[in-house]
file structure_16.cif (mmCIF, C-alpha atoms)
data_structure
loop_
_atom_site.label_atom_id
_atom_site.label_comp_id
_atom_site.auth_asym_id
_atom_site.auth_seq_id
_atom_site.Cartn_x
_atom_site.Cartn_y
_atom_site.Cartn_z
CA MET A 1 167.66 67.48 81.23
CA THR A 2 164.44 68.23 79.43
CA ARG A 3 162.54 68.25 82.69
CA PHE A 4 165.04 70.64 84.14
CA ILE A 5 164.61 73.00 81.21
CA TYR A 6 160.82 72.78 81.51
CA SER A 7 160.97 73.40 85.23
CA LEU A 8 163.31 76.33 84.74
CA THR A 9 161.04 77.81 82.09
CA ILE A 10 157.94 77.43 84.22
CA GLY A 11 159.72 78.88 87.22
CA ILE A 12 160.85 81.92 85.29
CA SER A 13 157.35 82.34 83.88
CA LEU A 14 155.84 82.19 87.34
CA LEU A 15 158.27 84.82 88.51
CA LEU A 16 157.42 87.11 85.62
CA ILE A 17 153.67 86.68 85.62
CA PRO A 18 152.97 88.51 88.86
CA GLN A 19 155.05 91.48 87.72
CA LEU A 20 153.38 91.73 84.34
CA ALA A 21 149.90 91.25 85.70
CA TYR A 22 150.40 93.52 88.65
CA ALA A 23 147.55 95.94 88.81
CA ASP A 24 144.89 97.13 91.11
CA GLU A 25 141.22 97.26 90.39
CA ILE A 26 138.64 99.85 91.21
CA LEU A 27 134.94 99.25 91.19
CA VAL A 28 133.37 102.14 89.31
CA GLU A 29 129.83 102.75 90.42
CA LEU A 30 128.08 105.34 88.30
CA THR A 31 124.83 106.92 89.29
CA PRO A 32 122.95 110.01 88.21
CA ASP A 33 124.80 111.81 91.02
CA VAL A 34 128.21 110.27 90.30
CA ALA A 35 129.01 111.01 86.69
CA TYR A 36 132.60 109.77 86.82
CA VAL A 37 135.27 108.45 89.13
CA ASP A 38 138.75 109.97 89.12
CA THR A 39 141.83 108.12 90.24
CA VAL A 40 145.03 110.12 90.67
CA VAL A 41 148.26 108.23 89.98
CA ASP A 42 151.87 109.29 90.31
CA VAL A 43 154.32 108.01 87.72
CA THR A 44 158.05 108.04 88.26
CA GLY A 45 160.01 107.54 85.10
CA PRO A 46 158.82 106.35 81.68
CA THR A 47 156.20 103.68 82.26
CA GLU A 48 154.35 101.41 79.92
CA TYR A 49 150.80 101.38 81.13
CA PHE A 50 147.46 99.85 80.43
CA ILE A 51 144.06 100.99 81.57
CA GLU A 52 141.13 98.74 80.87
CA THR A 53 137.61 98.13 82.02
CA PHE A 54 135.52 95.03 82.49
CA THR A 55 131.85 95.61 81.85
CA GLY A 56 130.66 92.05 81.36
CA PRO A 57 127.96 90.87 78.96
CA ARG A 58 125.40 93.42 77.97
CA ILE A 59 122.39 91.23 77.34
CA GLU A 60 120.84 88.80 79.76
CA ILE A 61 117.99 86.41 79.21
CA GLN A 62 115.04 86.86 81.48
CA ALA A 63 113.07 84.03 83.02
CA ASN A 64 110.52 84.22 80.23
CA GLY A 65 113.27 83.93 77.63
CA THR A 66 113.18 87.57 76.60
CA PRO A 67 116.58 89.21 76.23
CA ARG A 68 117.16 92.57 77.83
CA VAL A 69 120.04 94.80 78.87
CA ARG A 70 121.54 93.48 82.08
CA ASP A 71 120.89 95.50 85.21
CA GLY A 72 123.92 97.49 86.20
CA TRP A 73 125.56 97.21 82.81
CA VAL A 74 127.01 100.42 81.43
CA ASP A 75 129.09 101.29 78.39
CA SER A 76 132.38 102.42 79.85
CA TRP A 77 134.52 105.37 78.79
CA ILE A 78 137.98 105.98 80.19
CA GLU A 79 140.34 108.89 79.91
CA LEU A 80 143.95 109.44 80.86
CA ARG A 81 144.28 113.06 81.86
CA GLN A 82 147.01 115.33 83.05
CA GLY A 83 145.38 118.26 84.74
CA GLU A 84 142.51 119.28 82.52
CA VAL A 85 144.16 117.95 79.39
CA ILE A 86 142.93 114.61 78.09
CA LEU A 87 145.93 112.68 76.84
CA ARG A 88 144.11 109.54 75.78
CA ALA A 89 140.52 108.42 75.71
CA ASP A 90 138.80 105.25 74.66
CA ASP A 91 135.33 103.84 74.34
CA ASP A 92 135.22 100.25 73.10
CA SER A 93 138.77 99.00 72.44
CA ASN A 94 138.41 96.19 74.96
CA HIS A 95 135.11 94.93 73.53
CA VAL A 96 134.57 91.18 73.42
CA THR A 97 131.13 90.18 72.26
CA GLY A 98 129.17 88.34 74.90
CA VAL A 99 131.98 88.53 77.43
CA ASN A 100 133.19 92.09 77.93
CA GLU A 101 130.98 94.19 75.77
CA TYR A 102 131.79 97.81 74.90
CA ALA A 103 134.65 97.79 77.39
CA SER A 104 137.49 100.27 77.10
CA LYS A 105 141.23 99.97 76.96
CA ILE A 106 144.16 102.36 76.69
CA THR A 107 147.82 101.41 76.43
CA GLY A 108 150.94 103.42 75.93
CA THR A 109 153.93 104.95 77.62
CA ILE A 110 153.95 108.02 79.84
CA ASP A 111 156.67 109.97 81.53
CA THR A 112 157.07 111.12 85.07
CA GLY A 113 154.17 113.10 86.41
CA THR A 114 150.84 113.05 88.11
CA TYR A 115 147.98 111.74 86.01
CA THR A 116 144.29 111.20 86.51
CA ILE A 117 142.36 108.21 85.27
CA ARG A 118 138.74 109.18 84.75
CA ALA A 119 136.22 106.41 84.47
CA THR A 120 132.81 107.39 83.20
CA SER A 121 130.21 106.21 80.72
CA TYR A 122 129.88 106.74 77.00
CA LEU A 123 126.43 108.24 77.48
CA ASN A 124 127.83 110.76 79.90
CA ARG A 125 130.69 111.54 77.54
CA VAL A 126 128.38 112.36 74.63
CA GLY A 127 126.01 114.32 76.84
CA TYR A 128 123.13 111.88 77.07
CA GLY A 129 122.89 111.91 80.86
CA ASN A 130 124.38 109.94 83.69
CA PRO A 131 123.39 106.29 83.56
CA THR A 132 123.50 103.95 86.51
CA GLY A 133 125.91 101.06 86.23
CA VAL A 134 128.92 99.31 87.62
CA TYR A 135 132.12 98.12 86.00
CA THR A 136 135.66 97.35 87.00
CA LEU A 137 138.60 99.58 86.18
CA SER A 138 142.03 98.01 86.12
CA SER A 139 145.44 99.54 85.50
CA ASN A 140 149.04 98.95 86.41
CA LEU A 141 149.28 102.66 87.24
CA ILE A 142 146.94 102.26 90.18
CA GLN A 143 148.90 101.44 93.28
CA PRO A 144 147.26 99.38 96.03
CA PRO A 145 146.37 101.42 99.09
CA PRO A 146 148.84 101.00 101.96
CA PRO A 147 146.53 101.38 104.99
CA PRO A 148 148.83 99.88 107.65
CA VAL A 149 151.75 101.98 106.54
CA VAL A 150 149.71 105.13 106.61
CA VAL A 151 148.14 104.48 109.99
CA GLU A 152 151.35 103.69 111.82
CA PRO A 153 153.22 106.88 111.16
CA ILE A 154 150.30 109.02 112.28
CA PRO A 155 150.36 108.14 116.02
CA PRO A 156 153.98 109.10 116.54
CA VAL A 157 153.47 112.36 114.75
CA VAL A 158 150.41 113.19 116.80
CA VAL A 159 151.79 111.90 120.06
CA VAL A 160 155.00 113.87 119.90
CA PRO A 161 153.45 117.25 120.51
CA VAL A 162 151.04 115.84 123.09
CA VAL A 163 153.75 114.00 124.97
CA ASP A 164 155.72 117.17 125.17
CA THR A 165 153.01 118.64 127.35
CA THR A 166 152.31 115.57 129.48
CA VAL A 167 155.79 114.20 129.91
CA PRO A 168 156.97 117.09 131.97
CA THR A 169 154.23 116.38 134.51
CA VAL A 170 154.81 112.64 134.66
CA PRO A 171 158.56 112.85 135.26
CA ASP A 172 157.87 115.39 137.93
CA ILE A 173 155.63 112.92 139.66
CA VAL A 174 158.06 110.08 139.25
CA VAL A 175 160.91 112.15 140.48
CA ILE A 176 158.93 113.28 143.44
CA GLU A 177 157.92 109.74 144.38
CA PRO A 178 161.38 108.34 145.14
CA PRO A 179 162.16 111.01 147.64
CA ILE A 180 158.81 110.34 149.24
CA ILE A 181 159.41 106.61 149.30
CA ILE A 182 162.71 106.94 150.98
CA PRO A 183 161.55 108.89 153.96
CA VAL A 184 158.34 106.91 154.39
CA PRO A 185 159.78 103.57 155.56
CA PRO A 186 161.20 105.08 158.67
CA GLU A 187 157.75 106.25 159.63
CA PRO A 188 156.28 103.54 161.87
CA PRO A 189 152.59 104.36 161.69
CA LEU A 190 152.45 104.12 157.98
CA VAL A 191 154.36 100.85 157.88
CA GLU A 192 152.01 99.20 160.30
CA GLU A 193 148.97 99.98 158.28
CA ILE A 194 150.34 98.43 155.11
CA LEU A 195 151.97 95.39 156.58
CA PRO A 196 149.91 92.80 154.67
CA GLU A 197 151.35 93.91 151.39
CA PRO A 198 154.93 93.04 150.45
CA GLU A 199 155.92 96.48 149.22
CA PRO A 200 154.84 98.98 151.77
CA PRO A 201 157.00 101.83 150.64
CA MET A 202 155.56 101.72 147.17
CA GLU A 203 152.01 101.74 148.37
CA VAL A 204 152.70 104.31 150.93
CA ALA A 205 154.23 106.50 148.39
CA GLU A 206 151.27 106.13 146.07
CA PRO A 207 148.64 107.69 148.31
CA PRO A 208 150.08 111.12 147.82
CA ALA A 209 150.76 110.38 144.21
CA PRO A 210 147.19 109.39 143.33
CA ALA A 211 146.13 112.69 144.65
CA GLU A 212 148.32 114.26 142.03
CA GLU A 213 148.12 111.57 139.38
CA PRO A 214 144.38 111.45 138.82
CA PRO A 215 144.53 114.62 136.85
CA ALA A 216 147.62 113.33 135.07
CA GLU A 217 146.35 109.85 134.24
CA PRO A 218 142.99 110.93 132.90
CA GLU A 219 144.79 113.32 130.64
CA ILE A 220 146.54 110.51 128.82
CA PRO A 221 143.45 108.57 127.72
CA PRO A 222 141.85 111.67 126.26
CA ILE A 223 145.02 112.30 124.37
CA GLU A 224 144.95 108.81 122.98
CA GLU A 225 141.30 109.15 122.25
CA GLU A 226 141.97 112.27 120.30
CA LEU A 227 143.96 110.29 117.79
CA PRO A 228 141.03 108.39 116.27
CA PRO A 229 139.15 111.57 115.51
CA ILE A 230 142.20 112.86 113.72
CA GLU A 231 142.39 109.69 111.67
CA VAL A 232 138.67 109.77 111.07
CA ASP A 233 138.86 113.31 109.82
CA THR A 234 141.05 112.29 106.93
CA PRO A 235 138.58 110.03 105.06
CA PRO A 236 135.81 112.62 104.97
CA ILE A 237 138.20 115.01 103.29
CA GLU A 238 138.91 112.42 100.64
CA GLU A 239 135.23 111.71 100.27
CA GLU A 240 134.44 115.36 99.81
CA ALA A 241 136.73 115.60 96.83
CA PRO A 242 134.45 113.78 94.30
CA PRO A 243 131.49 116.10 94.81
CA ALA A 244 133.80 119.05 94.27
CA GLU A 245 135.04 117.52 91.06
CA ALA A 246 131.53 116.59 90.08
CA GLU A 247 130.78 120.27 89.81
CA GLU A 248 133.35 120.73 87.08
CA PRO A 249 132.00 121.45 83.63
CA PRO A 250 131.23 118.18 81.88
CA VAL A 251 132.67 119.30 78.55
CA GLU A 252 136.25 118.13 78.25
CA VAL A 253 138.49 118.23 75.24
CA VAL A 254 141.13 116.03 73.69
CA GLN A 255 144.45 117.31 72.42
CA ALA A 256 144.41 116.84 68.66
CA ASP A 257 148.11 116.14 68.34
CA GLU A 258 148.15 113.41 70.95
CA VAL A 259 145.18 111.35 69.87
CA ASP A 260 144.35 109.43 66.74
CA LEU A 261 141.27 111.42 65.81
CA GLU A 262 139.78 108.72 63.61
CA THR A 263 139.53 106.43 66.62
CA LEU A 264 137.42 108.91 68.54
CA ALA A 265 133.71 109.33 68.30
CA PRO A 266 132.78 112.07 65.79
CA GLU A 267 131.10 114.04 68.55
CA THR A 268 134.18 114.06 70.77
CA PRO A 269 135.45 117.60 71.41
CA VAL A 270 139.02 118.05 70.26
CA GLN A 271 141.28 120.95 71.16
CA LEU A 272 143.59 122.20 68.44
CA ASP A 273 146.97 123.80 68.95
CA ASN A 274 145.49 127.30 68.86
CA GLY A 275 142.96 126.43 71.54
CA VAL A 276 139.97 126.06 69.23
CA VAL A 277 137.67 123.19 70.18
CA LEU A 278 136.04 121.28 67.36
CA GLU A 279 134.38 117.93 67.02
CA ALA A 280 136.66 115.11 66.01
CA GLY A 281 134.64 114.45 62.84
CA THR A 282 135.04 118.05 61.74
CA VAL A 283 138.79 117.99 62.32
CA VAL A 284 139.13 114.80 60.29
CA ALA A 285 137.09 116.38 57.50
CA LEU A 286 139.21 119.54 57.51
CA GLN A 287 142.34 117.45 57.14
CA LEU A 288 141.03 116.47 53.71
CA LEU A 289 141.59 120.03 52.51
CA GLU A 290 145.33 119.68 52.98
CA ASN A 291 145.49 117.07 50.23
CA PRO A 292 143.59 118.02 47.05
CA ALA A 293 144.04 114.56 45.53
CA GLU A 294 142.55 112.94 48.57
CA LEU A 295 139.78 115.52 48.57
CA LEU A 296 138.91 114.73 44.95
CA ALA A 297 138.95 111.01 45.65
CA GLU A 298 136.75 111.50 48.67
CA ILE A 299 134.12 113.23 46.53
CA PHE A 300 133.25 109.87 44.99
CA THR A 301 133.67 107.74 48.10
CA ASP A 302 132.30 109.95 50.85
CA PRO A 303 130.77 113.17 49.56
CA ALA A 304 129.30 113.98 52.95
CA GLN A 305 132.82 114.20 54.35
CA VAL A 306 133.77 116.64 51.58
CA LEU A 307 130.69 118.73 52.25
CA THR A 308 131.57 118.78 55.92
CA ALA A 309 135.08 119.93 55.09
CA ILE A 310 133.90 122.67 52.74
CA SER A 311 131.21 123.89 55.09
CA ASN A 312 133.72 124.14 57.93
CA ILE A 313 136.50 126.00 56.13
CA GLY A 314 137.92 128.44 58.61
CA ALA A 315 136.28 126.81 61.60
CA ASP A 316 139.70 125.95 62.96
CA MET A 317 140.57 129.61 63.39
CA SER A 318 140.26 131.21 66.75
CA ASP A 319 137.99 134.18 67.23
CA GLU A 320 140.95 136.49 67.57
CA GLU A 321 142.53 135.23 64.37
CA ARG A 322 139.23 135.47 62.56
CA THR A 323 138.62 139.03 63.71
CA THR A 324 142.12 140.15 62.77
CA SER A 325 141.92 138.51 59.37
CA GLN A 326 138.49 139.92 58.71
CA ASN A 327 139.55 143.46 59.53
CA THR A 328 142.71 143.19 57.46
CA ILE A 329 140.94 141.72 54.44
CA ILE A 330 138.10 144.24 54.56
CA ALA A 331 140.57 147.12 54.84
CA SER A 332 142.65 145.78 51.95
CA VAL A 333 139.57 145.29 49.76
CA ILE A 334 138.34 148.82 50.46
CA ALA A 335 141.79 150.26 49.87
CA GLY A 336 142.14 148.25 46.67
CA GLN A 337 138.81 149.40 45.33
CA ALA A 338 139.61 153.01 46.25
CA ALA A 339 142.94 152.75 44.44
CA ILE A 340 141.28 151.28 41.36
CA ASN A 341 138.70 154.04 41.34
CA ALA A 342 141.41 156.67 41.79
CA VAL A 343 143.41 155.28 38.89
CA GLY A 344 140.29 155.13 36.75
CA ALA A 345 139.41 158.71 37.62
CA ALA A 346 142.92 159.89 36.86
CA THR A 347 142.89 158.14 33.53
CA MET A 348 139.58 159.72 32.60
CA ALA A 349 140.84 163.15 33.64
CA ARG A 350 143.89 162.91 31.39
CA THR A 351 141.79 161.97 28.37
CA PRO A 352 141.26 165.20 26.21
CA THR A 353 137.63 166.13 25.77
CA SER A 354 136.07 168.75 23.52
CA ALA A 355 132.84 168.97 25.31
CA PRO A 356 131.64 172.54 25.55
CA THR A 357 132.49 174.18 28.79
CA GLY A 358 130.58 177.38 28.16
CA GLY A 359 126.91 177.95 28.39
CA GLY A 360 124.41 177.70 25.62
CA ALA A 361 123.04 174.79 23.75
CA PRO A 362 125.49 172.65 21.87
CA SER A 363 125.57 173.10 18.18
CA ALA A 364 124.85 170.37 15.72
CA ASN A 365 128.57 169.95 15.01
CA ASP A 366 129.33 169.35 18.71
CA ASN A 367 126.80 166.59 18.88
CA ILE A 368 128.36 164.96 15.87
CA LYS A 369 131.84 165.14 17.45
CA LEU A 370 130.63 163.60 20.68
CA TYR A 371 128.86 160.87 18.83
CA LYS A 372 131.97 160.13 16.81
CA ARG A 373 134.19 160.20 19.87
CA ARG A 374 132.09 157.66 21.64
CA LYS A 375 132.38 155.33 18.73
CA PRO A 376 135.29 153.04 19.17
CA MET B 377 143.77 137.19 47.86
CA PHE B 378 147.43 137.23 48.71
CA ILE B 379 146.72 139.45 51.69
CA ALA B 380 144.01 137.05 52.74
CA TRP B 381 146.41 134.15 52.40
CA VAL B 382 148.90 135.99 54.61
CA VAL B 383 146.50 136.79 57.41
CA LEU B 384 144.44 133.59 57.43
CA THR B 385 145.41 130.42 59.22
CA GLY B 386 144.55 126.76 59.11
CA SER B 387 142.19 125.34 56.53
CA ALA B 388 141.19 128.80 55.29
CA LYS B 389 144.81 129.60 54.46
CA THR B 390 145.14 126.32 52.60
CA VAL B 391 141.99 126.88 50.58
CA VAL B 392 142.91 130.46 49.72
CA GLY B 393 146.37 129.31 48.67
CA TYR B 394 144.90 126.76 46.31
CA ALA B 395 142.50 129.39 45.02
CA ILE B 396 145.40 131.75 44.27
CA ILE B 397 147.28 129.06 42.39
CA LEU B 398 144.17 128.02 40.47
CA THR B 399 143.40 131.63 39.58
CA LEU B 400 146.95 132.25 38.37
CA VAL B 401 146.83 129.14 36.22
CA VAL B 402 143.49 130.14 34.69
CA TRP B 403 144.74 133.68 34.14
CA ALA B 404 147.91 132.45 32.46
CA VAL B 405 146.10 129.94 30.26
CA THR B 406 143.53 132.45 29.07
CA TYR B 407 146.02 135.26 28.53
CA PRO B 408 146.47 134.61 24.79
CA LEU B 409 142.73 134.47 24.33
CA ARG B 410 142.23 137.81 26.00
CA ASN B 411 145.07 139.62 24.28
CA GLY B 412 144.70 137.95 20.89
CA GLY B 413 141.63 140.04 20.01
CA ASN B 414 143.53 143.37 20.17
CA GLU B 415 146.21 142.38 17.66
#
call {"tool": "encode", "arguments": {"input": "structure_16.cif", "output": "structure tokens"}}
result
Amino acid sequence: MTRFIYSLTIGISLLLIPQLAYADEILVELTPDVAYVDTVVDVTGPTEYFIETFTGPRIEIQANGTPRVRDGWVDSWIELRQGEVILRADDDSNHVTGVNEYASKITGTIDTGTYTIRATSYLNRVGYGNPTGVYTLSSNLIQPPPPPVVVEPIPPVVVVPVVDTTVPTVPDIVVIEPPIIIPVPPEPPLVEEILPEPEPPMEVAEPPAPAEEPPAEPEIPPIEEELPPIEVDTPPIEEEAPPAEAEEPPVEVVQADEVDLETLAPETPVQLDNGVVLEAGTVVALQLLENPAELLAEIFTDPAQVLTAISNIGADMSDEERTTSQNTIIASVIAGQAAINAVGAATMARTPTSAPTGGGAPSANDNIKLYKRRKP
Amino acid sequence: MFIAWVVLTGSAKTVVGYAIILTLVVWAVTYPLRNGGNE
């Protein structure tokens, strides 16, 4: 009984393992000309996914015993994008020292849609150039290519319009042949010439047919030969796509509300809800301002973070918001000052004064009154 | 400052809001000191 349970458990495990581990791998080869590799995936329904890279060990020991960075090794960076929006990004979550160093990994759940997995390097992501290196990208979102399924449906689709033009000629020939065959046997001269062969009518009928068929038969091979060029034309189109994408601006942003900002590199551009793009470190620092207690505590633990927050107050406003606010505040300040001055002037005007309004020098008594009036 | 608080957004709005509250508190606390001299 125990053996049966063990066997049943192992059998169920073997059935489950292929489903859980199902994924396809892509070899990402980065060069100065190939900054990243995009893989478009279609997702139907909520799907738990994983995207990970395998970079291998970073350091290798040379023949003379000196360690150095292994040739072809590159620090991977992966992004899950939808259009131009970066949903998730990761640098080193799959890092295993000495085995899979600085490798990346993203997991989560996504809904139905078309997504793009971009595999690039950390150096490229932070703007330090395009290093040369190779690593493996693996994900359960990547479906294996179905080459036989794709190739088979193409011939019927291509042949159908071609056959429409050729078939009418072939049936005409075939239909014409039987009537020719039937009258030929009665003809004695023709039968005598083709006596050695068992089917004289067929061969007799063919002589006229070849005269008509040569143009028909050669047409078929060219038609079939036209198919390969059509199939060959497809790959170049797919190969032309990466260069077109390579011309896109290298600066990409991460949605702030969909990413844990503290897990990103401080230099990573992050797009806020109002469209403003800031560095992840700046956004994290600005979040300190929302909690005064945390801000005060951070003064003693990380004053640089507080300085960053204070020096970037208002950086999360868009240019339009900043301009509108600036104009409104300046107008209100000017209006406020004008109102204060007007009130002050009105107050001074209502205060009775005995200053001489006529000409002539003031008398000694007037000076005394003014002096006294000024005294509080 | 209240107008600024209304028109600003984000961290600037937060900071100005705290500044308004802090100013009101300081104004209220020092009110007896300022008016006590006139009596």
call {"tool": "residues_near_point", "arguments": {"input": "structure_16.cif", "point": "(131.5, 94.7, 88.6)", "cutoff": "8 Å", "atoms": "all atoms listed in the file", "output": "list of chain:residue names"}}
result
A:Leu27, A:Val28, A:Phe54, A:Thr55, A:Gly56, A:Val134, A:Tyr135, A:Thr136
call {"tool": "write_last_selection", "arguments": {"input": "structure_16.cif", "atoms": "C-alpha atoms", "output": "PDB file, keeping the file's coordinate frame"}}
result
ATOM      1  CA  LEU A  27     134.940  99.250  91.190  1.00  0.00           C
ATOM      2  CA  VAL A  28     133.370 102.140  89.310  1.00  0.00           C
ATOM      3  CA  PHE A  54     135.520  95.030  82.490  1.00  0.00           C
ATOM      4  CA  THR A  55     131.850  95.610  81.850  1.00  0.00           C
ATOM      5  CA  GLY A  56     130.660  92.050  81.360  1.00  0.00           C
ATOM      6  CA  VAL A 134     128.920  99.310  87.620  1.00  0.00           C
ATOM      7  CA  TYR A 135     132.120  98.120  86.000  1.00  0.00           C
ATOM      8  CA  THR A 136     135.660  97.350  87.000  1.00  0.00           C
TER       9      THR A 136
END
call {"tool": "interface_residues", "arguments": {"input": "structure_16.cif", "of": "chain B", "to": "chain A", "cutoff": "6 Å", "atoms": "only C-alpha atoms", "output": "PDB file with C-alpha atoms, keeping the file's coordinate frame"}}
result
ATOM      1  CA  ALA B 380     144.010 137.050  52.740  1.00  0.00           C
ATOM      2  CA  VAL B 383     146.500 136.790  57.410  1.00  0.00           C
ATOM      3  CA  LEU B 384     144.440 133.590  57.430  1.00  0.00           C
ATOM      4  CA  SER B 387     142.190 125.340  56.530  1.00  0.00           C
ATOM      5  CA  ALA B 388     141.190 128.800  55.290  1.00  0.00           C
TER       6      ALA B 388
END
call {"tool": "atom_distance", "arguments": {"input": "structure_16.cif", "atom1": "CA of Val402 (chain B)", "atom2": "CA of Leu295 (chain A)"}}
result
20.5 Å
call {"tool": "atom_distance", "arguments": {"input": "structure_16.cif", "atom1": "CA of Ile379 (chain B)", "atom2": "CA of Val392 (chain B)"}}
result
10.0 Å
call {"tool": "atom_distance", "arguments": {"input": "structure_16.cif", "atom1": "CA of Ile334 (chain A)", "atom2": "CA of Thr385 (chain B)"}}
result
21.6 Å
call {"tool": "closest_residue", "arguments": {"input": "structure_16.cif", "among": "A:Gln62, A:Asn124, A:Ser311, A:Thr53", "to": "Tyr102 (chain A)", "atoms": "only C-alpha atoms"}}
result
A:Thr53
call {"tool": "residues_around", "arguments": {"input": "structure_16.cif", "residues": "Asp24 (chain A)", "least_positions_apart": "5", "cutoff": "8 Å", "atoms": "all atoms listed in the file", "output": "PDB file with C-alpha atoms, in the coordinates of the input"}}
result
ATOM      1  CA  SER A 138     142.030  98.010  86.120  1.00  0.00           C
ATOM      2  CA  SER A 139     145.440  99.540  85.500  1.00  0.00           C
ATOM      3  CA  ASN A 140     149.040  98.950  86.410  1.00  0.00           C
ATOM      4  CA  ILE A 142     146.940 102.260  90.180  1.00  0.00           C
ATOM      5  CA  GLN A 143     148.900 101.440  93.280  1.00  0.00           C
ATOM      6  CA  PRO A 144     147.260  99.380  96.030  1.00  0.00           C
TER       7      PRO A 144
END
call {"tool": "axis_aligned_box", "arguments": {"input": "structure_16.cif", "around": "region 404-407 of chain B", "padding_each_side": "8 Å", "output": "lines of an AutoDock Vina configuration file"}}
result
center_x = 145.7
center_y = 132.6
center_z = 30.5
size_x = 20.4
size_y = 21.3
size_z = 19.9
call {"tool": "resolve_selection", "arguments": {"input": "structure_16.cif", "expression": "the PyMOL selection byres ((chain A and resi 75) around 9)", "output": "PyMOL selection string"}}
result
chain A and resi 55+58+73-74+76-77+91-92+101-104+120-123+133+135
